[in-house]
Amino acid sequence: MTIDSKTPSRYAYTCILLLLSAGLLQIGCLSTSLSAVKESRLRAMWFWHTEEMLNSDSGVEEVLSFATEQNIDHLFVQILTEEDGNGVTQISDPSGMRAFINLATKRGIKIHALDGAPEFALPNKHDTVLSRVQAVLNFNETAHASERFHAVRMDIEPYVLDEWRLGGASQQGVINNFLKINQDIADLIAQNVNPIEFGIDIPFWFDAQDKNGTYKFTAKYKGKYANLATHLIRMVDNVGLMAYRNKATGPNSTFELSRGELKMADQENAATVFIGFETILPDGDGIPEKITFGHLSNEALNDAVSELEAVASEYRSFNGVALHHYKSLKALVEASDNGTVDSL
């Protein structure tokens, strides 16, 4: 590994881990070592309200200013597409999107073209998915370097489908087709002249095991038998891991839920991993309190991010954190600044 000014020293990591184990985060080398870790890691944020942003006179500036304030350097931005007169899928409002990406580039922020829906895993939707990916590639072909998407990103979540929930052969069919569409996307991107990354968002439990230690979600793909997480990590450049908990370390924490994927990615020398944190307000069963910082504070979130970075940095594949999502994070920051978190 090459050491430069942004690479934390071994002393920094050792010091952090010792302090964590001793419960002494407030003293010693913490401020120096955590800042060193932070500089070497990325911070991403999901963004879903693209049309609203592009149609607002101040929308782009508000989003990019907030991202800069929160040290965001990767934005996962929902794309909008439409068909041209010849029935070819293209990015909607291409001039507005180019202008947005150009401004983001000037601020050191990379834009990922985000799309996805559970039905994208179904075979009858694969052509639609690939046409949208091709629209991103075509967009980049005609854009200046500073106006190009940094990555294609898919958030498909096939486990929402009834076909998955039925289990058995039905679920296995969804898994197989989910793997196929991701591989098809990777193959399409590989044919592209201009380099562009491919990332996906997955839950932490794609490598879950039953009480006997048998993986619950597996497939034989391209002659290799593996759990679902392993297959996907082999296919892509980066993974956004939805390991949502409102504590960074300890039992049933974000770090504990992420270790399997981090270790797997290290062993495969494959994808890097963004570890996700949730900031949506809890609503009971849908968003239980234990998975989100939405009812806590921005300070609590940032403390957890720093704590996670300190321990996850032992893995080569750890890329940084990803925060979900812009509107809920902005509300949390504003409530924290105003001292109104408890009223959220």
# chains A, B, ... in the order shown; residues from 1 in each chain; ligands from 1
>>> residues_around(residues="region 108-121 of chain A", least_positions_apart="2", cutoff="9 Å", atoms="only C-alpha atoms", output="VMD selection string")
chain A and resid 46 to 48 64 67 to 68 72 to 80 101 103 to 106 123 to 126 128 to 129 132 to 133 136 148 to 161 174 to 182 197 to 200
>>> residues_around(residues="region 267-284 of chain A", least_positions_apart="2", cutoff="6 Å", atoms="only C-alpha atoms", output="PyMOL selection string")
chain A and resi 233-234+236-244+264-265+286-289+292-295+317-324+328-329
>>> write_last_selection(atoms="C-alpha atoms", output="PDB file, in the first residue's frame")
ATOM      1  CA  ILE A 233     -19.545  -8.649  -4.944  1.00  0.00           C
ATOM      2  CA  ARG A 234     -17.687 -10.457  -7.709  1.00  0.00           C
ATOM      3  CA  VAL A 236     -19.564  -5.024  -9.446  1.00  0.00           C
ATOM      4  CA  ASP A 237     -17.142  -2.240  -8.576  1.00  0.00           C
ATOM      5  CA  ASN A 238     -18.790  -1.150  -5.353  1.00  0.00           C
ATOM      6  CA  VAL A 239     -21.602  -2.172  -3.034  1.00  0.00           C
ATOM      7  CA  GLY A 240     -23.830   0.033  -0.898  1.00  0.00           C
ATOM      8  CA  LEU A 241     -24.530  -2.156   2.105  1.00  0.00           C
ATOM      9  CA  MET A 242     -27.796  -1.429   3.879  1.00  0.00           C
ATOM     10  CA  ALA A 243     -26.655  -2.493   7.350  1.00  0.00           C
ATOM     11  CA  TYR A 244     -28.913  -0.018   9.082  1.00  0.00           C
ATOM     12  CA  MET A 264     -15.743 -11.405   1.549  1.00  0.00           C
ATOM     13  CA  ALA A 265     -14.792  -8.405  -0.589  1.00  0.00           C
ATOM     14  CA  GLY A 286     -41.697  -0.083   8.777  1.00  0.00           C
ATOM     15  CA  ILE A 287     -38.758   1.908  10.126  1.00  0.00           C
ATOM     16  CA  PRO A 288     -38.095   0.705  13.694  1.00  0.00           C
ATOM     17  CA  GLU A 289     -36.068   2.950  15.979  1.00  0.00           C
ATOM     18  CA  THR A 292     -32.277   4.822  12.152  1.00  0.00           C
ATOM     19  CA  PHE A 293     -30.797   8.019  13.547  1.00  0.00           C
ATOM     20  CA  GLY A 294     -33.870   9.976  12.462  1.00  0.00           C
ATOM     21  CA  HIS A 295     -35.122  10.431  16.024  1.00  0.00           C
ATOM     22  CA  SER A 317     -12.590  -3.060   0.781  1.00  0.00           C
ATOM     23  CA  PHE A 318     -14.077  -0.459   3.131  1.00  0.00           C
ATOM     24  CA  ASN A 319     -14.810   2.553   0.941  1.00  0.00           C
ATOM     25  CA  GLY A 320     -16.648   4.791   3.398  1.00  0.00           C
ATOM     26  CA  VAL A 321     -20.228   5.402   4.475  1.00  0.00           C
ATOM     27  CA  ALA A 322     -23.441   6.172   2.603  1.00  0.00           C
ATOM     28  CA  LEU A 323     -26.221   8.191   4.228  1.00  0.00           C
ATOM     29  CA  HIS A 324     -29.889   7.641   3.411  1.00  0.00           C
ATOM     30  CA  SER A 328     -34.284  13.130   5.959  1.00  0.00           C
ATOM     31  CA  LEU A 329     -30.630  13.907   6.651  1.00  0.00           C
TER      32      LEU A 329
END
>>> closest_residue(among="A:Glu141, A:Ala169, A:Glu51, A:Gln70", to="Asn302 (chain A)", atoms="only C-alpha atoms")
A:Gln70
>>> select_by_dssp(residues="region 37-232 of chain A", states="strand (DSSP E or B)", output="MDAnalysis selection string")
chainID A and resid 42:47 74:78 81:83 89:91 110:115 151:154 197:203 209 215 218:221 224:227
>>> select_by_dssp(residues="region 129-200 of chain A", states="helix (DSSP H, G or I)", output="PyMOL selection string")
chain A and resi 129-141+145-147+158-160+162-165+168-190
>>> residues_around(residues="Gln90 (chain A)", least_positions_apart="6", cutoff="8 Å", atoms="only C-alpha atoms", output="list in words")
Thr81, Glu82, Glu83, Asp84, Arg132, Ala135, Val136, Asn138 and Phe139 of chain A
>>> write_last_selection(atoms="C-alpha atoms", output="mmCIF file, in the first residue's frame")
data_model
loop_
_atom_site.group_PDB
_atom_site.id
_atom_site.type_symbol
_atom_site.label_atom_id
_atom_site.label_comp_id
_atom_site.auth_asym_id
_atom_site.auth_seq_id
_atom_site.Cartn_x
_atom_site.Cartn_y
_atom_site.Cartn_z
ATOM 1 C CA THR A 81 -35.514 8.787 -18.484
ATOM 2 C CA GLU A 82 -37.793 9.216 -21.466
ATOM 3 C CA GLU A 83 -38.012 7.984 -25.053
ATOM 4 C CA ASP A 84 -36.984 10.184 -27.960
ATOM 5 C CA ARG A 132 -31.756 2.811 -19.102
ATOM 6 C CA ALA A 135 -29.053 5.863 -21.819
ATOM 7 C CA VAL A 136 -26.485 6.687 -19.122
ATOM 8 C CA ASN A 138 -24.960 7.474 -24.295
ATOM 9 C CA PHE A 139 -25.272 10.540 -22.081
#
>>> residues_around(residues="Thr218 (chain A)", least_positions_apart="6", cutoff="7 Å", atoms="only C-alpha atoms", output="PyMOL selection string")
chain A and resi 226-228
>>> write_last_selection(atoms="C-alpha atoms", output="CSV table (one decimal), in the first residue's frame")
chain,number,residue,atom,x,y,z
A,226,ALA,CA,-21.9,-19.3,-3.7
A,227,ASN,CA,-24.2,-17.2,-1.6
A,228,LEU,CA,-25.9,-14.3,-3.2
>>> atom_distance(atom1="CA of Pro94 (chain A)", atom2="CA of Gln183 (chain A)")
27.0 Å
>>> decode(residues="region 198-225 of chain A", atoms="N, CA and C atoms", output="compact mmCIF listing (two decimals), in the first residue's frame")
# COMPACT_ATOMS: atom_id res chain seq x y z
N PHE A 198 -19.72 0.48 -11.83
CA PHE A 198 -21.03 -0.13 -11.63
C PHE A 198 -21.16 -0.46 -10.15
N GLY A 199 -22.18 0.10 -9.51
CA GLY A 199 -22.43 -0.16 -8.10
C GLY A 199 -23.86 -0.63 -7.88
N ILE A 200 -24.08 -1.38 -6.81
CA ILE A 200 -25.41 -1.83 -6.44
C ILE A 200 -25.61 -1.65 -4.95
N ASP A 201 -26.87 -1.56 -4.54
CA ASP A 201 -27.22 -1.47 -3.12
C ASP A 201 -27.89 -2.77 -2.71
N ILE A 202 -27.41 -3.36 -1.62
CA ILE A 202 -27.94 -4.65 -1.16
C ILE A 202 -28.10 -4.63 0.36
N PRO A 203 -28.97 -5.48 0.90
CA PRO A 203 -29.09 -5.59 2.35
C PRO A 203 -27.94 -6.43 2.92
N PHE A 204 -27.74 -6.33 4.22
CA PHE A 204 -26.65 -7.06 4.86
C PHE A 204 -26.88 -8.56 4.92
N TRP A 205 -28.12 -9.01 4.71
CA TRP A 205 -28.45 -10.41 4.97
C TRP A 205 -28.43 -11.31 3.73
N PHE A 206 -27.87 -10.86 2.63
CA PHE A 206 -27.75 -11.74 1.47
C PHE A 206 -26.77 -12.89 1.72
N ASP A 207 -25.98 -12.79 2.77
CA ASP A 207 -25.09 -13.90 3.14
C ASP A 207 -25.56 -14.57 4.44
N ALA A 208 -26.84 -14.43 4.77
CA ALA A 208 -27.38 -14.99 6.01
C ALA A 208 -27.30 -16.51 6.01
N GLN A 209 -27.12 -17.07 7.22
CA GLN A 209 -27.06 -18.52 7.39
C GLN A 209 -28.17 -18.99 8.33
N ASP A 210 -28.59 -20.25 8.14
CA ASP A 210 -29.57 -20.81 9.06
C ASP A 210 -28.86 -21.35 10.29
N LYS A 211 -29.60 -21.99 11.19
CA LYS A 211 -29.02 -22.45 12.46
C LYS A 211 -27.96 -23.53 12.26
N ASN A 212 -27.95 -24.14 11.08
CA ASN A 212 -26.95 -25.18 10.77
C ASN A 212 -25.73 -24.62 10.04
N GLY A 213 -25.72 -23.30 9.84
CA GLY A 213 -24.60 -22.69 9.14
C GLY A 213 -24.68 -22.77 7.63
N THR A 214 -25.87 -23.10 7.11
CA THR A 214 -26.07 -23.17 5.66
C THR A 214 -26.58 -21.84 5.14
N TYR A 215 -25.99 -21.36 4.06
CA TYR A 215 -26.44 -20.09 3.49
C TYR A 215 -27.87 -20.21 3.00
N LYS A 216 -28.67 -19.18 3.30
CA LYS A 216 -30.08 -19.20 2.94
C LYS A 216 -30.33 -18.84 1.48
N PHE A 217 -29.49 -18.00 0.92
CA PHE A 217 -29.72 -17.49 -0.44
C PHE A 217 -28.49 -17.80 -1.28
N THR A 218 -28.61 -18.81 -2.13
CA THR A 218 -27.47 -19.29 -2.90
C THR A 218 -27.85 -19.50 -4.35
N ALA A 219 -26.83 -19.68 -5.17
CA ALA A 219 -27.06 -20.01 -6.58
C ALA A 219 -25.77 -20.56 -7.16
N LYS A 220 -25.94 -21.39 -8.18
CA LYS A 220 -24.79 -21.77 -8.99
C LYS A 220 -24.80 -20.89 -10.21
N TYR A 221 -23.79 -20.03 -10.32
CA TYR A 221 -23.78 -19.05 -11.40
C TYR A 221 -22.42 -19.08 -12.08
N LYS A 222 -22.44 -19.23 -13.40
CA LYS A 222 -21.22 -19.34 -14.19
C LYS A 222 -20.32 -20.44 -13.65
N GLY A 223 -20.95 -21.54 -13.27
CA GLY A 223 -20.21 -22.70 -12.82
C GLY A 223 -19.73 -22.65 -11.39
N LYS A 224 -20.04 -21.57 -10.67
CA LYS A 224 -19.58 -21.42 -9.29
C LYS A 224 -20.77 -21.33 -8.34
N TYR A 225 -20.69 -22.11 -7.25
CA TYR A 225 -21.74 -22.10 -6.25
C TYR A 225 -21.33 -21.17 -5.12
